[in-house]
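model.cif (mmCIF, C-alpha atoms)
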```cif
data_coords
loop_
_atom_site.group_PDB
_atom_site.id
_atom_site.type_symbol
_atom_site.label_atom_id
_atom_site.label_comp_id
_atom_site.auth_asym_id
_atom_site.auth_seq_id
_atom_site.Cartn_x
_atom_site.Cartn_y
_atom_site.Cartn_z
ATOM 1 C CA MET A 1 94.605 -65.502 -45.018
ATOM 2 C CA VAL A 2 91.089 -64.348 -45.699
ATOM 3 C CA THR A 3 91.442 -64.506 -49.448
ATOM 4 C CA SER A 4 87.991 -65.998 -50.120
ATOM 5 C CA VAL A 5 86.217 -62.966 -48.679
ATOM 6 C CA GLN A 6 85.423 -59.960 -50.834
ATOM 7 C CA ILE A 7 84.361 -56.692 -49.239
ATOM 8 C CA SER A 8 83.603 -53.605 -51.278
ATOM 9 C CA SER A 9 83.316 -50.094 -49.875
ATOM 10 C CA ARG A 10 80.537 -47.991 -51.409
ATOM 11 C CA ALA A 11 82.460 -44.903 -50.346
ATOM 12 C CA SER A 12 85.361 -45.742 -52.649
ATOM 13 C CA LYS A 13 83.366 -47.997 -55.037
ATOM 14 C CA ALA A 14 86.436 -50.218 -55.211
ATOM 15 C CA LYS A 15 86.487 -53.984 -54.642
ATOM 16 C CA GLU A 16 89.425 -55.572 -52.896
ATOM 17 C CA VAL A 17 90.460 -58.860 -51.318
ATOM 18 C CA ILE A 18 91.249 -58.460 -47.643
ATOM 19 C CA ALA A 19 94.573 -59.874 -46.486
ATOM 20 C CA PRO A 20 96.108 -59.582 -42.997
ATOM 21 C CA SER A 21 99.486 -58.660 -44.496
ATOM 22 C CA ARG A 22 98.154 -55.104 -45.063
ATOM 23 C CA ILE A 23 97.906 -54.440 -41.321
ATOM 24 C CA ALA A 24 100.630 -52.243 -39.860
ATOM 25 C CA VAL A 25 100.407 -53.825 -36.374
ATOM 26 C CA PRO A 26 102.344 -56.813 -35.032
ATOM 27 C CA LYS A 27 101.315 -59.786 -37.126
ATOM 28 C CA GLN A 28 101.114 -62.211 -34.209
ATOM 29 C CA ASP A 29 98.966 -59.829 -32.145
ATOM 30 C CA LEU A 30 96.555 -59.393 -35.030
ATOM 31 C CA SER A 31 96.417 -63.132 -35.680
ATOM 32 C CA ASP A 32 95.605 -63.765 -32.029
ATOM 33 C CA GLU A 33 92.832 -61.163 -32.086
ATOM 34 C CA LEU A 34 91.325 -62.578 -35.271
ATOM 35 C CA PHE A 35 91.441 -66.072 -33.786
ATOM 36 C CA ARG A 36 89.710 -64.925 -30.584
ATOM 37 C CA LEU A 37 87.046 -63.124 -32.591
ATOM 38 C CA THR A 38 86.477 -66.190 -34.772
ATOM 39 C CA GLN A 39 85.989 -68.375 -31.702
ATOM 40 C CA ARG A 40 83.503 -65.969 -30.143
ATOM 41 C CA LEU A 41 81.506 -65.582 -33.358
ATOM 42 C CA GLN A 42 81.105 -69.357 -33.608
ATOM 43 C CA THR A 43 79.237 -69.558 -30.287
ATOM 44 C CA SER A 44 75.849 -68.553 -31.707
ATOM 45 C CA LEU A 45 73.562 -68.795 -34.726
ATOM 46 C CA GLU A 46 71.436 -65.830 -33.660
ATOM 47 C CA LEU A 47 72.091 -62.922 -36.034
ATOM 48 C CA GLU A 48 71.614 -60.180 -33.444
ATOM 49 C CA GLN A 49 73.923 -61.921 -30.966
ATOM 50 C CA ILE A 50 76.664 -62.422 -33.561
ATOM 51 C CA LEU A 51 76.531 -58.745 -34.512
ATOM 52 C CA GLU A 52 76.633 -57.733 -30.840
ATOM 53 C CA ILE A 53 79.724 -59.904 -30.277
ATOM 54 C CA PHE A 54 81.397 -58.419 -33.338
ATOM 55 C CA PHE A 55 80.514 -54.845 -32.368
ATOM 56 C CA GLN A 56 81.836 -55.247 -28.821
ATOM 57 C CA HIS A 57 85.063 -56.821 -30.066
ATOM 58 C CA ILE A 58 85.838 -54.245 -32.731
ATOM 59 C CA GLN A 59 85.157 -51.391 -30.296
ATOM 60 C CA GLN A 60 88.098 -52.604 -28.223
ATOM 61 C CA HIS A 61 90.421 -51.738 -31.100
ATOM 62 C CA VAL A 62 88.741 -48.931 -33.062
ATOM 63 C CA SER A 63 86.681 -46.058 -31.706
ATOM 64 C CA ILE A 64 83.246 -46.663 -33.277
ATOM 65 C CA GLY A 65 80.065 -44.942 -32.175
ATOM 66 C CA GLY A 66 77.476 -46.915 -34.119
ATOM 67 C CA MET A 67 77.063 -49.853 -36.447
ATOM 68 C CA VAL A 68 74.160 -50.649 -38.770
ATOM 69 C CA TYR A 69 73.887 -54.002 -40.518
ATOM 70 C CA THR A 70 71.459 -54.344 -43.427
ATOM 71 C CA THR A 71 70.420 -57.870 -44.383
ATOM 72 C CA PRO A 72 70.026 -58.990 -48.011
ATOM 73 C CA CYS A 73 66.264 -58.570 -47.393
ATOM 74 C CA ASN A 74 66.824 -54.920 -46.429
ATOM 75 C CA GLN A 75 66.163 -55.345 -42.704
ATOM 76 C CA HIS A 76 68.222 -53.075 -40.459
ATOM 77 C CA ILE A 77 69.900 -54.050 -37.187
ATOM 78 C CA LYS A 78 71.335 -51.075 -35.304
ATOM 79 C CA LEU A 79 73.929 -51.080 -32.534
ATOM 80 C CA GLY A 80 75.288 -48.032 -30.728
ATOM 81 C CA ARG A 81 74.533 -44.540 -31.979
ATOM 82 C CA PRO A 82 74.971 -43.474 -35.617
ATOM 83 C CA ASN A 83 76.951 -40.330 -36.336
ATOM 84 C CA ILE A 84 77.943 -38.060 -39.204
ATOM 85 C CA HIS A 85 81.161 -39.747 -40.397
ATOM 86 C CA HIS A 86 80.774 -43.284 -41.664
ATOM 87 C CA VAL A 87 82.382 -45.996 -43.748
ATOM 88 C CA ASP A 88 80.128 -48.344 -45.685
ATOM 89 C CA TYR A 89 80.902 -51.914 -46.806
ATOM 90 C CA GLN A 90 79.109 -54.495 -48.912
ATOM 91 C CA LEU A 91 79.760 -58.052 -47.740
ATOM 92 C CA SER A 92 79.861 -61.148 -49.905
ATOM 93 C CA ARG A 93 81.242 -64.673 -49.944
ATOM 94 C CA GLN A 94 82.897 -66.070 -53.043
ATOM 95 C CA SER A 95 81.562 -69.446 -54.189
ATOM 96 C CA ASN A 96 81.551 -71.587 -57.317
ATOM 97 C CA ASP A 97 78.231 -70.008 -58.273
ATOM 98 C CA GLY A 98 79.545 -66.462 -57.923
ATOM 99 C CA ASP A 99 79.297 -64.053 -55.026
ATOM 100 C CA ASP A 100 76.744 -64.694 -52.287
ATOM 101 C CA GLY A 101 75.529 -61.302 -51.095
ATOM 102 C CA LEU A 102 75.495 -61.052 -47.309
ATOM 103 C CA GLY A 103 74.213 -57.500 -46.960
ATOM 104 C CA GLY A 104 75.914 -54.281 -45.958
ATOM 105 C CA ILE A 105 77.486 -52.869 -42.833
ATOM 106 C CA VAL A 106 78.078 -49.238 -41.853
ATOM 107 C CA PHE A 107 80.375 -47.967 -39.096
ATOM 108 C CA SER A 108 80.033 -44.381 -37.913
ATOM 109 C CA ARG A 109 81.369 -41.896 -35.376
ATOM 110 C CA ALA A 110 81.789 -38.165 -34.814
ATOM 111 C CA LYS A 111 85.173 -37.815 -36.586
ATOM 112 C CA ARG A 112 86.630 -39.218 -39.781
ATOM 113 C CA PHE A 113 88.260 -42.641 -39.775
ATOM 114 C CA ALA A 114 92.013 -42.760 -40.306
ATOM 115 C CA GLU A 115 93.406 -45.029 -43.004
ATOM 116 C CA GLN A 116 95.014 -47.296 -40.415
ATOM 117 C CA GLU A 117 91.669 -47.677 -38.655
ATOM 118 C CA LEU A 118 89.952 -48.644 -41.897
ATOM 119 C CA ILE A 119 92.580 -51.307 -42.510
ATOM 120 C CA LEU A 120 91.971 -52.705 -39.040
ATOM 121 C CA ILE A 121 88.175 -52.680 -39.503
ATOM 122 C CA GLU A 122 88.519 -54.536 -42.800
ATOM 123 C CA SER A 123 90.700 -57.185 -41.158
ATOM 124 C CA PHE A 124 88.077 -57.827 -38.489
ATOM 125 C CA LEU A 125 85.358 -58.121 -41.123
ATOM 126 C CA GLY A 126 87.027 -61.273 -42.471
ATOM 127 C CA PRO A 127 86.145 -63.574 -39.536
ATOM 128 C CA LEU A 128 82.573 -62.239 -39.575
ATOM 129 C CA ILE A 129 81.701 -63.578 -43.032
ATOM 130 C CA TYR A 130 81.072 -67.277 -42.389
ATOM 131 C CA PRO A 131 79.288 -66.874 -39.021
ATOM 132 C CA LEU A 132 77.178 -64.175 -40.676
ATOM 133 C CA ARG A 133 76.297 -66.468 -43.579
ATOM 134 C CA ASN A 134 75.375 -69.289 -41.169
ATOM 135 C CA ALA A 135 73.225 -66.945 -39.072
ATOM 136 C CA LEU A 136 71.381 -65.710 -42.165
ATOM 137 C CA MET A 137 70.725 -69.287 -43.295
ATOM 138 C CA TYR A 138 69.476 -70.181 -39.808
ATOM 139 C CA ARG A 139 67.245 -67.122 -39.769
ATOM 140 C CA GLU A 140 65.804 -68.058 -43.173
ATOM 141 C CA ALA A 141 65.122 -71.616 -41.981
ATOM 142 C CA LEU A 142 63.294 -70.351 -38.903
ATOM 143 C CA ALA A 143 61.286 -67.902 -40.997
ATOM 144 C CA ALA A 144 60.309 -70.667 -43.424
ATOM 145 C CA ALA A 145 59.148 -72.842 -40.529
ATOM 146 C CA MET A 146 56.894 -70.000 -39.347
ATOM 147 C CA CYS A 147 55.508 -69.076 -42.777
ATOM 148 C CA ASP A 148 52.358 -70.339 -44.465
ATOM 149 C CA PRO A 149 53.627 -71.569 -47.850
ATOM 150 C CA LEU A 150 50.480 -70.570 -49.749
ATOM 151 C CA THR A 151 49.847 -67.025 -48.527
ATOM 152 C CA LYS A 152 53.332 -66.143 -47.191
ATOM 153 C CA THR A 153 51.684 -64.886 -44.011
ATOM 154 C CA GLY A 154 52.607 -66.321 -40.627
ATOM 155 C CA ASN A 155 51.372 -69.815 -39.830
ATOM 156 C CA ARG A 156 49.701 -71.134 -36.691
ATOM 157 C CA ALA A 157 52.991 -71.766 -34.904
ATOM 158 C CA ALA A 158 54.125 -68.219 -35.644
ATOM 159 C CA MET A 159 50.810 -66.905 -34.333
ATOM 160 C CA SER A 160 51.219 -68.786 -31.064
ATOM 161 C CA ASN A 161 54.694 -67.326 -30.515
ATOM 162 C CA ALA A 162 53.698 -63.808 -31.531
ATOM 163 C CA LEU A 163 50.519 -63.807 -29.453
ATOM 164 C CA GLN A 164 52.348 -64.667 -26.251
ATOM 165 C CA ARG A 165 54.970 -62.009 -26.972
ATOM 166 C CA GLU A 166 52.425 -59.301 -27.840
ATOM 167 C CA ILE A 167 50.354 -60.017 -24.723
ATOM 168 C CA GLN A 168 53.461 -59.708 -22.550
ATOM 169 C CA LEU A 169 54.400 -56.409 -24.199
ATOM 170 C CA ALA A 170 50.871 -55.028 -23.906
ATOM 171 C CA ASN A 171 50.706 -55.872 -20.210
ATOM 172 C CA ARG A 172 54.200 -54.576 -19.487
ATOM 173 C CA TYR A 173 53.673 -51.201 -21.138
ATOM 174 C CA HIS A 174 49.939 -50.918 -20.372
ATOM 175 C CA GLN A 175 49.044 -50.645 -24.050
ATOM 176 C CA PRO A 176 45.923 -51.974 -25.784
ATOM 177 C CA LEU A 177 46.057 -55.065 -27.965
ATOM 178 C CA SER A 178 43.243 -56.390 -30.137
ATOM 179 C CA MET A 179 42.667 -59.436 -32.289
ATOM 180 C CA MET A 180 40.700 -59.948 -35.492
ATOM 181 C CA VAL A 181 39.536 -63.396 -36.583
ATOM 182 C CA ILE A 182 38.546 -63.389 -40.259
ATOM 183 C CA ASP A 183 36.727 -66.152 -42.117
ATOM 184 C CA ILE A 184 35.862 -66.242 -45.830
ATOM 185 C CA ASP A 185 32.117 -66.704 -46.241
ATOM 186 C CA HIS A 186 30.777 -69.788 -48.074
ATOM 187 C CA PHE A 187 34.296 -70.889 -48.979
ATOM 188 C CA LYS A 188 33.273 -74.527 -49.440
ATOM 189 C CA ALA A 189 31.056 -73.388 -52.314
ATOM 190 C CA VAL A 190 34.085 -71.765 -53.973
ATOM 191 C CA ASN A 191 35.967 -75.063 -53.898
ATOM 192 C CA ASP A 192 32.917 -77.030 -55.020
ATOM 193 C CA ASN A 193 32.025 -74.705 -57.898
ATOM 194 C CA TYR A 194 35.446 -73.621 -59.162
ATOM 195 C CA GLY A 195 37.931 -76.197 -57.870
ATOM 196 C CA HIS A 196 40.600 -76.183 -55.188
ATOM 197 C CA ALA A 197 43.140 -74.321 -57.320
ATOM 198 C CA ALA A 198 40.700 -71.429 -57.640
ATOM 199 C CA GLY A 199 40.046 -71.705 -53.916
ATOM 200 C CA ASP A 200 43.761 -71.281 -53.264
ATOM 201 C CA ASP A 201 43.758 -68.176 -55.466
ATOM 202 C CA VAL A 202 40.897 -66.720 -53.435
ATOM 203 C CA ILE A 203 42.709 -67.423 -50.165
ATOM 204 C CA CYS A 204 45.807 -65.649 -51.497
ATOM 205 C CA SER A 205 43.727 -62.674 -52.667
ATOM 206 C CA VAL A 206 42.103 -62.339 -49.256
ATOM 207 C CA ALA A 207 45.471 -62.616 -47.503
ATOM 208 C CA LYS A 208 46.833 -59.840 -49.718
ATOM 209 C CA ALA A 209 43.755 -57.723 -49.005
ATOM 210 C CA ILE A 210 44.254 -58.097 -45.261
ATOM 211 C CA THR A 211 47.923 -57.120 -45.353
ATOM 212 C CA THR A 212 47.167 -54.236 -47.729
ATOM 213 C CA VAL A 213 44.589 -52.680 -45.425
ATOM 214 C CA CYS A 214 46.345 -53.381 -42.136
ATOM 215 C CA ARG A 215 49.297 -51.402 -40.855
ATOM 216 C CA GLU A 216 52.900 -52.549 -41.131
ATOM 217 C CA THR A 217 52.966 -53.115 -37.370
ATOM 218 C CA ASP A 218 49.954 -55.457 -37.493
ATOM 219 C CA LEU A 219 50.690 -59.190 -37.629
ATOM 220 C CA THR A 220 48.736 -61.430 -40.002
ATOM 221 C CA PHE A 221 48.522 -65.232 -39.753
ATOM 222 C CA ARG A 222 46.701 -67.959 -41.609
ATOM 223 C CA PHE A 223 45.074 -69.888 -38.790
ATOM 224 C CA GLY A 224 43.901 -72.707 -41.027
ATOM 225 C CA GLY A 225 41.808 -73.276 -44.137
ATOM 226 C CA GLU A 226 40.054 -70.017 -45.004
ATOM 227 C CA GLU A 227 40.526 -68.433 -41.579
ATOM 228 C CA PHE A 228 42.993 -65.673 -40.669
ATOM 229 C CA VAL A 229 44.027 -64.002 -37.428
ATOM 230 C CA VAL A 230 45.423 -60.468 -37.178
ATOM 231 C CA LEU A 231 47.055 -59.001 -34.066
ATOM 232 C CA LEU A 232 46.563 -55.249 -33.764
ATOM 233 C CA ASN A 233 49.023 -53.804 -31.284
ATOM 234 C CA LYS A 234 48.364 -50.459 -29.605
ATOM 235 C CA THR A 235 44.736 -50.775 -30.767
ATOM 236 C CA ASP A 236 41.641 -50.733 -28.560
ATOM 237 C CA ALA A 237 38.216 -52.218 -29.310
ATOM 238 C CA ALA A 238 36.971 -49.169 -31.204
ATOM 239 C CA GLY A 239 40.123 -48.980 -33.323
ATOM 240 C CA ALA A 240 39.956 -52.698 -34.053
ATOM 241 C CA ARG A 241 36.389 -52.344 -35.300
ATOM 242 C CA VAL A 242 37.414 -49.531 -37.660
ATOM 243 C CA ILE A 243 40.239 -51.605 -39.126
ATOM 244 C CA ALA A 244 38.044 -54.705 -39.341
ATOM 245 C CA GLU A 245 35.367 -52.798 -41.228
ATOM 246 C CA ARG A 246 37.968 -51.523 -43.697
ATOM 247 C CA VAL A 247 39.187 -55.083 -44.245
ATOM 248 C CA ARG A 248 35.624 -56.351 -44.706
ATOM 249 C CA ARG A 249 34.818 -53.697 -47.307
ATOM 250 C CA TYR A 250 38.078 -54.270 -49.169
ATOM 251 C CA ILE A 251 37.456 -58.021 -49.384
ATOM 252 C CA ALA A 252 33.852 -57.450 -50.524
ATOM 253 C CA GLY A 253 35.179 -55.368 -53.410
ATOM 254 C CA LEU A 254 37.662 -58.016 -54.547
ATOM 255 C CA SER A 255 37.368 -60.048 -57.712
ATOM 256 C CA THR A 256 39.774 -62.970 -57.973
ATOM 257 C CA LYS A 257 40.484 -63.701 -61.628
ATOM 258 C CA THR A 258 41.100 -67.282 -62.710
ATOM 259 C CA GLU A 259 41.442 -68.664 -66.234
ATOM 260 C CA GLN A 260 37.685 -69.054 -66.603
ATOM 261 C CA HIS A 261 36.020 -67.055 -63.838
ATOM 262 C CA ASP A 262 36.019 -63.882 -61.781
ATOM 263 C CA ILE A 263 35.252 -64.945 -58.221
ATOM 264 C CA ALA A 264 33.838 -62.546 -55.639
ATOM 265 C CA VAL A 265 33.700 -63.401 -51.942
ATOM 266 C CA THR A 266 32.872 -61.748 -48.633
ATOM 267 C CA ALA A 267 34.249 -62.268 -45.144
ATOM 268 C CA SER A 268 32.940 -62.261 -41.597
ATOM 269 C CA ILE A 269 35.121 -60.778 -38.871
ATOM 270 C CA GLY A 270 35.129 -61.001 -35.095
ATOM 271 C CA THR A 271 37.260 -58.760 -32.882
ATOM 272 C CA ALA A 272 38.204 -58.686 -29.214
ATOM 273 C CA GLU A 273 40.436 -56.454 -27.098
ATOM 274 C CA LEU A 274 42.839 -57.889 -24.530
ATOM 275 C CA ASN A 275 41.627 -57.415 -20.961
ATOM 276 C CA GLN A 276 43.507 -57.837 -17.697
ATOM 277 C CA ASP A 277 42.283 -61.408 -17.183
ATOM 278 C CA ASP A 278 43.068 -62.611 -20.698
ATOM 279 C CA ASP A 279 45.662 -65.079 -21.845
ATOM 280 C CA SER A 280 46.257 -66.171 -25.430
ATOM 281 C CA VAL A 281 43.493 -68.776 -25.271
ATOM 282 C CA SER A 282 40.774 -66.565 -23.799
ATOM 283 C CA LEU A 283 41.536 -63.663 -26.139
ATOM 284 C CA PHE A 284 41.200 -65.934 -29.161
ATOM 285 C CA GLU A 285 38.036 -67.533 -27.789
ATOM 286 C CA ARG A 286 36.337 -64.148 -27.422
ATOM 287 C CA ALA A 287 37.337 -63.004 -30.917
ATOM 288 C CA ASP A 288 36.260 -66.359 -32.334
ATOM 289 C CA SER A 289 32.949 -66.088 -30.480
ATOM 290 C CA ALA A 290 32.379 -62.696 -32.097
ATOM 291 C CA LEU A 291 33.185 -64.220 -35.502
ATOM 292 C CA TYR A 292 30.626 -66.957 -34.897
ATOM 293 C CA LYS A 293 27.968 -64.337 -34.198
ATOM 294 C CA ALA A 294 28.907 -62.449 -37.358
ATOM 295 C CA LYS A 295 28.316 -65.673 -39.287
ATOM 296 C CA GLN A 296 25.103 -66.387 -37.412
ATOM 297 C CA GLN A 297 23.714 -62.923 -38.105
ATOM 298 C CA GLY A 298 24.079 -63.191 -41.871
ATOM 299 C CA ARG A 299 27.828 -63.024 -42.702
ATOM 300 C CA ASN A 300 29.745 -60.204 -44.430
ATOM 301 C CA GLN A 301 29.832 -58.161 -41.233
ATOM 302 C CA VAL A 302 31.949 -57.277 -38.212
ATOM 303 C CA VAL A 303 31.042 -58.145 -34.628
ATOM 304 C CA SER A 304 33.150 -56.679 -31.824
ATOM 305 C CA TYR A 305 32.963 -58.681 -28.614
ATOM 306 C CA ASP A 306 33.887 -55.693 -26.447
ATOM 307 C CA LEU A 307 31.401 -53.296 -28.053
ATOM 308 C CA VAL A 308 28.383 -55.500 -27.348
ATOM 309 C CA ASP A 309 26.795 -54.837 -23.962
ATOM 310 C CA ASP A 310 25.999 -57.630 -21.501
ATOM 311 C CA VAL A 311 22.302 -57.770 -22.438
ATOM 312 C CA GLN A 312 23.058 -58.124 -26.150
ATOM 313 C CA ARG A 313 25.802 -60.650 -25.408
ATOM 314 C CA SER A 314 23.361 -62.757 -23.401
ATOM 315 C CA LEU A 315 20.767 -62.628 -26.166
ATOM 316 C CA LEU A 316 23.396 -63.593 -28.728
ATOM 317 C CA GLY A 317 24.716 -66.421 -26.585
ATOM 318 C CA MET A 318 28.231 -64.962 -26.444
#
```
Before we go any further, please render this structure as structure tokens.
Amino acid sequence: MVTSVQISSRASKAKEVIAPSRIAVPKQDLSDELFRLTQRLQTSLELEQILEIFFQHIQQHVSIGGMVYTTPCNQHIKLGRPNIHHVDYQLSRQSNDGDDGLGGIVFSRAKRFAEQELILIESFLGPLIYPLRNALMYREALAAAMCDPLTKTGNRAAMSNALQREIQLANRYHQPLSMMVIDIDHFKAVNDNYGHAAGDDVICSVAKAITTVCRETDLTFRFGGEEFVVLLNKTDAAGARVIAERVRRYIAGLSTKTEQHDIAVTASIGTAELNQDDDSVSLFERADSALYKAKQQGRNQVVSYDLVDDVQRSLLGM
């Protein structure tokens, strides 16, 4: 019996406890199917893979065109093709502390679902609950391991993984990819004059400024200390310079308020566009070289490695 699982349909706005006794199919056949599904769902902790297993299994018994799962953090995972008729469920697990929300799931197809089909769908949702909870917990643990605890941006490990992936995608689809390396100017003086707590506040303000200006598709990471890296997909050297200049101006206009002070800072930014000979190391080295020149030339400015000609690059020592 799946009596500890509560599933509510937003279509009917009614909560009910799912029990196999409601199913008007041979009890042994249903029990065997639920057991097989449970075994298959326990073979992975990857959320997408678990949902794919579930979707493939339920399609063997109910005609379903598309399925959309929405995580508790409002991320959407889509399988198949959505259609006009749908049934919508909220998933939760009962515990001593109340109900643990596990998100929502929507099944859709071109024609309305029959009552018997809905009963069958609800029975198959039972075995999904615990593997789904475990996958969500695993996903959260991985995300925490890749997150900078101060700024909530990606950390250095996350940057390494993302950079390799983005370079592969850019090369495969022949799309531009650029990198920004951002460093807060004279940050040591902030710590010396106002204390490390105020310094942390400034770092958080700058991180928020970067993510505010950049697009949702851009990836921001705290590389270490007061330095950030941003990956700009589908962005060439000229586009990267435009975005970098917007970030620079936004940071220059910031005022971080502490209990006793309003702290203003600036940032220097170096950019580089991926070329055909680049790997993750060489791309970063070129962007970092441009950052160094921005610092050397007076700070609070943007230097684009790819927009400096060979003569200028030689004079600048790049």
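The two atoms in question, atom CA of A:Leu91 and atom CA of A:Gly66, are spaced 17.7 Å apart.
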Apply the PyMOL selection byres ((chain A and resi 279-294) around 8) to the displayed file and report the matching residues as an MDAnalysis selection string. chainID A and resid 160 163:164 167 179:183 268:274 277:278 295:305 316 318
Picked residues, the PyMOL selection byres ((chain A and resi 39) around 12), expected as a PDB file with C-alpha atoms, keeping the file's coordinate frame:
```pdb
ATOM      1  CA  ASP A  32      95.605 -63.765 -32.029  1.00  0.00           C
ATOM      2  CA  GLU A  33      92.832 -61.163 -32.086  1.00  0.00           C
ATOM      3  CA  LEU A  34      91.325 -62.578 -35.271  1.00  0.00           C
ATOM      4  CA  PHE A  35      91.441 -66.072 -33.786  1.00  0.00           C
ATOM      5  CA  ARG A  36      89.710 -64.925 -30.584  1.00  0.00           C
ATOM      6  CA  LEU A  37      87.046 -63.124 -32.591  1.00  0.00           C
ATOM      7  CA  THR A  38      86.477 -66.190 -34.772  1.00  0.00           C
ATOM      8  CA  ARG A  40      83.503 -65.969 -30.143  1.00  0.00           C
ATOM      9  CA  LEU A  41      81.506 -65.582 -33.358  1.00  0.00           C
ATOM     10  CA  GLN A  42      81.105 -69.357 -33.608  1.00  0.00           C
ATOM     11  CA  THR A  43      79.237 -69.558 -30.287  1.00  0.00           C
ATOM     12  CA  SER A  44      75.849 -68.553 -31.707  1.00  0.00           C
ATOM     13  CA  ILE A  50      76.664 -62.422 -33.561  1.00  0.00           C
ATOM     14  CA  ILE A  53      79.724 -59.904 -30.277  1.00  0.00           C
ATOM     15  CA  PHE A  54      81.397 -58.419 -33.338  1.00  0.00           C
ATOM     16  CA  HIS A  57      85.063 -56.821 -30.066  1.00  0.00           C
ATOM     17  CA  PRO A 127      86.145 -63.574 -39.536  1.00  0.00           C
ATOM     18  CA  LEU A 128      82.573 -62.239 -39.575  1.00  0.00           C
ATOM     19  CA  TYR A 130      81.072 -67.277 -42.389  1.00  0.00           C
ATOM     20  CA  PRO A 131      79.288 -66.874 -39.021  1.00  0.00           C
TER      21      PRO A 131
END
```
Suppose a student applies the PyMOL selection byres ((chain A and resi 234) around 7) to this structure; what residues should they get, written as a PyMOL selection string? chain A and resi 175-177+232-233+235-236
Residue among A:Phe187, A:Phe124, A:Phe223, A:Tyr250 lying closest to A:Arg156, counting all atoms listed in the file: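 Checking each candidate against A:Arg156, we get A:Phe223 as the closest.
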For the atom pair atom CA of A:Leu132 and atom CA of A:Tyr69, what is the interatomic distance in Å to one decimal place?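 Distance between the two atoms: 10.7 Å.
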Computed interatomic separation between atom CA of A:Cys204 and atom CA of A:Glu226 (Å):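 So the answer is 9.7 Å.
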Rank A:Ala141, A:Val247, A:Leu231, A:Leu307 by their smallest atom-to-atom distance to A:Val206, using all atoms listed in the file, and report the top residue only. A:Val247
Which one of A:Ile251, A:Val242, A:Ile119, A:Leu47 sits closest to A:Ile77 if you count all atoms listed in the file?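 The shortest atom-to-atom distance to A:Ile77 comes from A:Leu47.
Residue neighbourhood of A:Leu219, excluding near-sequence residues (fewer than 5 positions): Thr153, Gly154, Met159, Ala162, Thr211, Cys214, Val229, Val230, Leu231, Leu232 and Asn233 of chain A, at 9 Å, using only C-alpha atoms.
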Just checking: using all atoms listed in the file, which residue out of A:Arg93, A:Leu79, A:Arg241, A:Thr212 ends up closest to A:Asn134?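 Looking only at the distances to A:Asn134, the closest residue turns out to be A:Arg93.
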Within 8 Å of (77.0, -50.2, -46.2) in the file's own coordinates, which protein, DNA or RNA residues have an atom, counting all atoms listed in the file? List them as a PyMOL selection string. chain A and resi 9-10+68-70+87-90+103-106
With distances taken over only C-alpha atoms, the candidate from A:Gln276, A:Glu259, A:Ala252, A:Asp148 nearest A:Phe228 is A:Asp148
So which residues fall inside 10 Å of (37.9, -56.7, -51.1) if we count only C-alpha atoms? Mind giving them as a list of chain:residue names?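 Residues close enough to count: A:Ser205, A:Val206, A:Lys208, A:Ala209, A:Ile210, A:Val213, A:Arg246, A:Val247, A:Arg248, A:Arg249, A:Tyr250, A:Ile251, A:Ala252, A:Gly253, A:Leu254, A:Ser255, A:Thr256, A:Ala264, A:Val265, A:Thr266, A:Ala267.
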Could you dump the residues just selected with C-alpha atoms as a PDB file, keeping the file's coordinate frame?
```
ATOM      1  CA  SER A 205      43.727 -62.674 -52.667  1.00  0.00           C
ATOM      2  CA  VAL A 206      42.103 -62.339 -49.256  1.00  0.00           C
ATOM      3  CA  LYS A 208      46.833 -59.840 -49.718  1.00  0.00           C
ATOM      4  CA  ALA A 209      43.755 -57.723 -49.005  1.00  0.00           C
ATOM      5  CA  ILE A 210      44.254 -58.097 -45.261  1.00  0.00           C
ATOM      6  CA  VAL A 213      44.589 -52.680 -45.425  1.00  0.00           C
ATOM      7  CA  ARG A 246      37.968 -51.523 -43.697  1.00  0.00           C
ATOM      8  CA  VAL A 247      39.187 -55.083 -44.245  1.00  0.00           C
ATOM      9  CA  ARG A 248      35.624 -56.351 -44.706  1.00  0.00           C
ATOM     10  CA  ARG A 249      34.818 -53.697 -47.307  1.00  0.00           C
ATOM     11  CA  TYR A 250      38.078 -54.270 -49.169  1.00  0.00           C
ATOM     12  CA  ILE A 251      37.456 -58.021 -49.384  1.00  0.00           C
ATOM     13  CA  ALA A 252      33.852 -57.450 -50.524  1.00  0.00           C
ATOM     14  CA  GLY A 253      35.179 -55.368 -53.410  1.00  0.00           C
ATOM     15  CA  LEU A 254      37.662 -58.016 -54.547  1.00  0.00           C
ATOM     16  CA  SER A 255      37.368 -60.048 -57.712  1.00  0.00           C
ATOM     17  CA  THR A 256      39.774 -62.970 -57.973  1.00  0.00           C
ATOM     18  CA  ALA A 264      33.838 -62.546 -55.639  1.00  0.00           C
ATOM     19  CA  VAL A 265      33.700 -63.401 -51.942  1.00  0.00           C
ATOM     20  CA  THR A 266      32.872 -61.748 -48.633  1.00  0.00           C
ATOM     21  CA  ALA A 267      34.249 -62.268 -45.144  1.00  0.00           C
TER      22      ALA A 267
END
```
From the list A:Val202, A:Ile121, A:Leu30, A:Ala114, which residue is nearest A:Met67 when using only C-alpha atoms?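 Of A:Val202, A:Ile121, A:Leu30, A:Ala114, the one nearest A:Met67, counting only C-alpha atoms, is A:Ile121.
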